[in-house]
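Asks: Compact mmCIF, C-alpha atoms, saved as protein.txt, coming up:
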# COMPACT_ATOMS: atom_id res chain seq x y z
CA MET A 226 24.23 -3.21 1.88
CA THR A 227 24.44 0.34 0.64
CA LEU A 228 23.45 3.49 2.48
CA PRO A 229 20.45 4.32 0.21
CA PHE A 230 19.08 0.80 0.71
CA LEU A 231 19.41 1.10 4.49
CA ILE A 232 17.69 4.49 4.52
CA LEU A 233 14.82 3.25 2.34
CA ALA A 234 14.48 0.07 4.42
CA LEU A 235 14.34 2.10 7.65
CA VAL A 236 11.73 4.46 6.18
CA THR A 237 9.63 1.50 5.01
CA LEU A 238 9.88 -0.29 8.36
CA ALA A 239 9.19 2.89 10.34
CA GLY A 240 6.09 3.63 8.26
CA ALA A 241 4.80 0.07 8.56
CA THR A 242 5.43 -0.01 12.31
CA ALA A 243 3.71 3.34 12.78
CA ALA A 244 0.75 2.14 10.69
CA MET A 245 0.34 -0.82 13.05
CA THR A 246 0.85 1.00 16.35
CA LEU A 247 -0.76 4.43 16.03
CA ARG A 248 -4.20 4.92 17.59
CA LYS A 249 -5.89 7.32 15.14
CA LEU A 250 -6.97 5.79 11.85
CA VAL A 251 -6.03 8.82 9.75
CA HIS A 252 -2.51 8.74 11.19
CA CYS A 253 -2.31 5.01 10.44
CA ALA A 254 -3.32 5.63 6.81
CA LEU A 255 -0.71 8.36 6.43
CA ALA A 256 1.97 6.14 7.98
CA LEU A 257 0.94 3.41 5.52
CA SER A 258 1.54 5.86 2.68
CA VAL A 259 5.07 6.46 4.04
CA ALA A 260 5.67 2.70 3.99
CA PHE A 261 4.39 2.50 0.41
CA VAL A 262 6.65 5.38 -0.68
CA GLY A 263 9.63 3.65 0.95
CA LEU A 264 8.77 0.45 -0.89
CA ALA A 265 8.53 2.36 -4.17
CA GLY A 266 11.97 3.82 -3.44
CA LEU A 267 13.31 0.30 -2.97
CA TYR A 268 11.84 -0.72 -6.33
CA LEU A 269 13.44 2.29 -7.99
CA ALA A 270 16.79 1.50 -6.36
CA LEU A 271 16.58 -2.03 -7.78
CA GLY A 272 16.09 -0.66 -11.28
CA ALA A 273 12.40 -1.52 -11.60
CA GLN A 274 11.18 1.93 -12.62
CA PHE A 275 7.77 0.83 -13.85
CA VAL A 276 6.95 -1.14 -10.69
CA GLY A 277 8.16 1.75 -8.51
CA LEU A 278 6.06 4.34 -10.33
CA VAL A 279 3.01 2.07 -10.37
CA GLN A 280 3.51 1.58 -6.61
CA VAL A 281 3.35 5.34 -6.13
CA MET A 282 0.40 5.86 -8.46
CA VAL A 283 -1.74 2.90 -7.43
CA TYR A 284 -1.01 2.45 -3.76
CA VAL A 285 -0.05 5.93 -2.60
CA GLY A 286 -2.17 7.81 -5.10
CA ALA A 287 -5.27 5.66 -5.04
CA VAL A 288 -5.46 3.13 -2.23
CA VAL A 289 -4.29 5.40 0.59
CA ILE A 290 -6.49 8.26 -0.62
CA LEU A 291 -9.43 5.85 -0.78
CA ILE A 292 -8.69 4.71 2.79
CA VAL A 293 -8.50 8.31 4.02
CA PHE A 294 -11.80 9.19 2.30
CA ALA A 295 -13.47 6.09 3.73
CA ILE A 296 -12.26 6.97 7.22
CA LEU A 297 -13.38 10.58 6.93
CA LEU A 298 -16.78 9.72 5.42
CA THR A 299 -17.59 7.02 7.98
CA ARG A 300 -16.12 8.70 11.04
CA SER A 301 -18.22 8.40 14.16
CA ASP A 302 -18.43 11.10 16.82
CA GLU A 303 -17.27 8.75 19.58
CA PRO A 304 -13.66 9.26 20.66
CA GLY A 305 -11.25 6.35 20.92
CA LEU A 306 -11.28 2.95 19.35
CA PRO A 307 -14.34 0.69 19.35
CA ARG A 308 -14.32 -2.04 21.94
CA ALA A 309 -13.67 -4.72 19.32
CA LEU A 310 -10.47 -2.94 18.22
CA ARG A 311 -9.00 -2.16 21.65
CA GLY A 312 -7.24 -5.50 21.81
CA GLU A 313 -7.06 -7.86 24.72
CA LYS A 314 -3.95 -9.48 26.07
CA ARG A 315 -4.75 -12.88 24.52
CA ALA A 316 -5.31 -11.31 21.09
CA ARG A 317 -1.98 -9.50 21.28
CA LEU A 318 -0.18 -12.68 22.28
CA ALA A 319 -1.84 -14.57 19.44
CA GLY A 320 -0.78 -11.85 17.00
CA LEU A 321 2.80 -12.02 18.26
CA ALA A 322 2.78 -15.81 17.90
CA VAL A 323 1.52 -15.60 14.31
CA ALA A 324 4.12 -12.92 13.48
CA ALA A 325 6.90 -15.05 14.99
CA GLY A 326 5.71 -18.06 13.00
CA VAL A 327 5.68 -16.13 9.73
CA PHE A 328 9.14 -14.73 10.49
CA ALA A 329 10.46 -18.23 11.21
CA VAL A 330 9.06 -19.62 7.94
CA LEU A 331 10.48 -16.72 5.91
CA ALA A 332 13.89 -17.02 7.60
CA TRP A 333 13.94 -20.77 6.92
CA ALA A 334 12.95 -20.21 3.28
CA LEU A 335 15.72 -17.66 2.80
CA ALA A 336 18.32 -19.87 4.47
CA ALA A 337 17.29 -23.03 2.60
CA GLY A 338 16.81 -21.29 -0.75
CA GLY A 339 20.48 -21.18 -1.63
CA ALA A 340 20.13 -18.03 -3.73
CA GLU A 341 23.26 -17.27 -5.65
CA ALA A 342 24.23 -13.61 -5.64
CA GLY A 343 26.05 -13.72 -8.97
CA ILE A 344 23.28 -15.28 -11.06
CA ALA A 345 20.87 -12.86 -12.65
CA GLY A 346 18.33 -13.42 -15.37
CA ALA A 347 18.15 -11.49 -18.60
CA ARG A 348 16.68 -8.03 -18.17
CA PRO A 349 13.39 -7.51 -19.94
CA GLU A 350 13.31 -4.80 -22.57
CA ALA A 351 10.00 -3.34 -21.36
CA THR A 352 10.79 0.27 -20.51
CA ILE A 353 8.40 2.89 -19.21
CA ASP A 354 8.39 4.47 -22.67
CA ALA A 355 7.41 1.17 -24.32
CA ILE A 356 4.65 0.52 -21.77
CA GLY A 357 3.32 4.07 -22.16
CA SER A 358 3.32 3.77 -25.94
CA ALA A 359 1.44 0.46 -25.74
CA LEU A 360 -1.15 1.98 -23.39
CA MET A 361 -1.70 4.99 -25.65
CA GLN A 362 -1.71 3.10 -28.95
CA ARG A 363 -2.74 -0.57 -28.72
CA PHE A 364 -4.68 -0.50 -25.46
CA VAL A 365 -6.17 3.00 -25.52
CA LEU A 366 -9.81 1.82 -25.50
CA PRO A 367 -9.52 -0.42 -22.39
CA PHE A 368 -7.40 2.27 -20.70
CA GLU A 369 -10.08 4.92 -21.29
CA ALA A 370 -12.86 2.51 -20.23
CA VAL A 371 -11.13 1.88 -16.90
CA GLY A 372 -10.71 5.64 -16.44
CA LEU A 373 -14.43 6.22 -17.06
CA LEU A 374 -15.37 3.38 -14.73
CA LEU A 375 -13.22 4.77 -11.91
CA THR A 376 -14.60 8.28 -12.46
CA ALA A 377 -18.18 6.97 -12.30
CA ALA A 378 -17.37 5.07 -9.09
CA LEU A 379 -15.90 8.21 -7.52
CA ILE A 380 -18.93 10.31 -8.48
CA GLY A 381 -21.25 7.60 -7.11
CA ALA A 382 -19.35 7.49 -3.82
CA VAL A 383 -19.61 11.28 -3.47
CA VAL A 384 -23.36 11.22 -4.22
CA ILE A 385 -23.95 8.43 -1.68
CA ALA A 386 -21.89 10.25 0.95
CA MET A 387 -23.78 13.51 0.35
CA GLU A 388 -27.17 11.75 0.63
CA GLU A 389 -26.15 10.15 3.94
CA LYS A 390 -24.95 13.49 5.36
CA GLN A 391 -28.21 15.24 4.37
CA SER A 392 -30.62 12.59 5.66
CA PRO A 393 -32.04 13.30 9.15
CA LYS A 394 -31.12 10.93 11.96
Here is a file; write its structure as structure tokens.
Replies:
Amino acid sequence: MTLPFLILALVTLAGATAAMTLRKLVHCALALSVAFVGLAGLYLALGAQFVGLVQVMVYVGAVVILIVFAILLTRSDEPGLPRALRGEKRARLAGLAVAAGVFAVLAWALAAGGAEAGIAGARPEATIDAIGSALMQRFVLPFEAVGLLLTAALIGAVVIAMEEKQSPK
């Protein structure tokens, strides 16, 4: 293991752990973005530039921002977590049991897989430049349609949020 891999793995694990353990939802969403950035760094370190940049654009740039907006637009005035989210002892134990089971299955799969370190498949020739050229030449119409659809969804969400804020309670 190299030092950059260890640093990126620690950043990813720290962000994911913080996202699970923090009490405030906004802080959890921001910690989730740290975990996503760490994962994108791991992709970039592995030589998968397109997947790493898509990870940053889609998950950090879109999903986390959407989560933060949803939290801020639906925030209640009551402090603390709702009763359903406070967690009882049995629920925590059940969660730990499920996590231990998943870890055991993954560890068994890795041990039984017999992955050879020296065998690697042929690298695909799809570079970021080739993908960008395809998006801007062959697939420009679907690309623009998705952009318009996402813009319309964002405008609709803002209009709905403004109507809910203005309506009397």
Asks: Rank nothing, just name the residue among A:Ala295, A:Val251, A:Ala336, A:Met282 nearest to Leu379 (chain A), using all atoms listed in the file.
Replies: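 Of A:Ala295, A:Val251, A:Ala336, A:Met282, the one nearest Leu379 (chain A) is A:Ala295, counting all atoms listed in the file.
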Asks: Mind listing as number ranges by chain all residues within 12 Å of (17.6, -3.2, 2.5), counting all atoms listed in the file?
Replies: A: 226-238, 263-264, 266-268, 270-271
Asks: From the options A:Thr299, A:Leu278, A:Phe328, A:Val289, which residue's atoms come nearest to Ala254 (chain A), counting all atoms listed in the file?
Replies: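 The shortest atom-to-atom distance to Ala254 (chain A) comes from A:Val289.
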Asks: Would you mind reading off the distance between CA of Phe261 (chain A) and CA of Ala241 (chain A), one decimal, in Å?
Replies: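 Between CA of Phe261 (chain A) and CA of Ala241 (chain A) the gap works out to 8.5 Å.
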Asks: Report as lines of an AutoDock Vina configuration file the centre and the edge lengths, in Å to one decimal, of the axis-aligned box holding every listed atom of region 249-252 of chain A, padded by 5 Å on each side.
Replies:
center_x = -4.7
center_y = 7.3
center_z = 12.4
size_x = 14.5
size_y = 13.0
size_z = 15.4
Asks: Enter the distance from CA of Leu291 (chain A) to CA of Gln274 (chain A), in Å, rounded to one decimal.
Replies: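 We find that CA of Leu291 (chain A) and CA of Gln274 (chain A) lie 24.1 Å from each other.
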Asks: Using only C-alpha atoms - which residues lie no farther than 10 Å from the point (-0.4, 3.8, -2.8) in the file's frame? Write them as a short mmCIF file (atom, residue, chain, number, x, y, z; two decimals) with C-alpha atoms, keeping the file's coordinate frame.
Replies:
data_model
loop_
_atom_site.label_atom_id
_atom_site.label_comp_id
_atom_site.auth_asym_id
_atom_site.auth_seq_id
_atom_site.Cartn_x
_atom_site.Cartn_y
_atom_site.Cartn_z
CA LEU A 257 0.94 3.41 5.52
CA SER A 258 1.54 5.86 2.68
CA VAL A 259 5.07 6.46 4.04
CA ALA A 260 5.67 2.70 3.99
CA PHE A 261 4.39 2.50 0.41
CA VAL A 262 6.65 5.38 -0.68
CA LEU A 264 8.77 0.45 -0.89
CA ALA A 265 8.53 2.36 -4.17
CA LEU A 278 6.06 4.34 -10.33
CA VAL A 279 3.01 2.07 -10.37
CA GLN A 280 3.51 1.58 -6.61
CA VAL A 281 3.35 5.34 -6.13
CA MET A 282 0.40 5.86 -8.46
CA VAL A 283 -1.74 2.90 -7.43
CA TYR A 284 -1.01 2.45 -3.76
CA VAL A 285 -0.05 5.93 -2.60
CA GLY A 286 -2.17 7.81 -5.10
CA ALA A 287 -5.27 5.66 -5.04
CA VAL A 288 -5.46 3.13 -2.23
CA VAL A 289 -4.29 5.40 0.59
CA ILE A 290 -6.49 8.26 -0.62
CA LEU A 291 -9.43 5.85 -0.78
#
Asks: Can you work out which one of A:Val276, A:Leu255, A:Ala244, A:Leu298 has the shortest atom-to-atom distance to Val383 (chain A), counting all atoms listed in the file?
Replies: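 Among A:Val276, A:Leu255, A:Ala244, A:Leu298, it is A:Leu298 that comes nearest to Val383 (chain A).
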Asks: Have a look at CA of Gly240 (chain A) and CA of Ala334 (chain A) and let me know their distance in Å, one decimal.
Replies: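 That distance, rounded to one decimal, is 25.3 Å.
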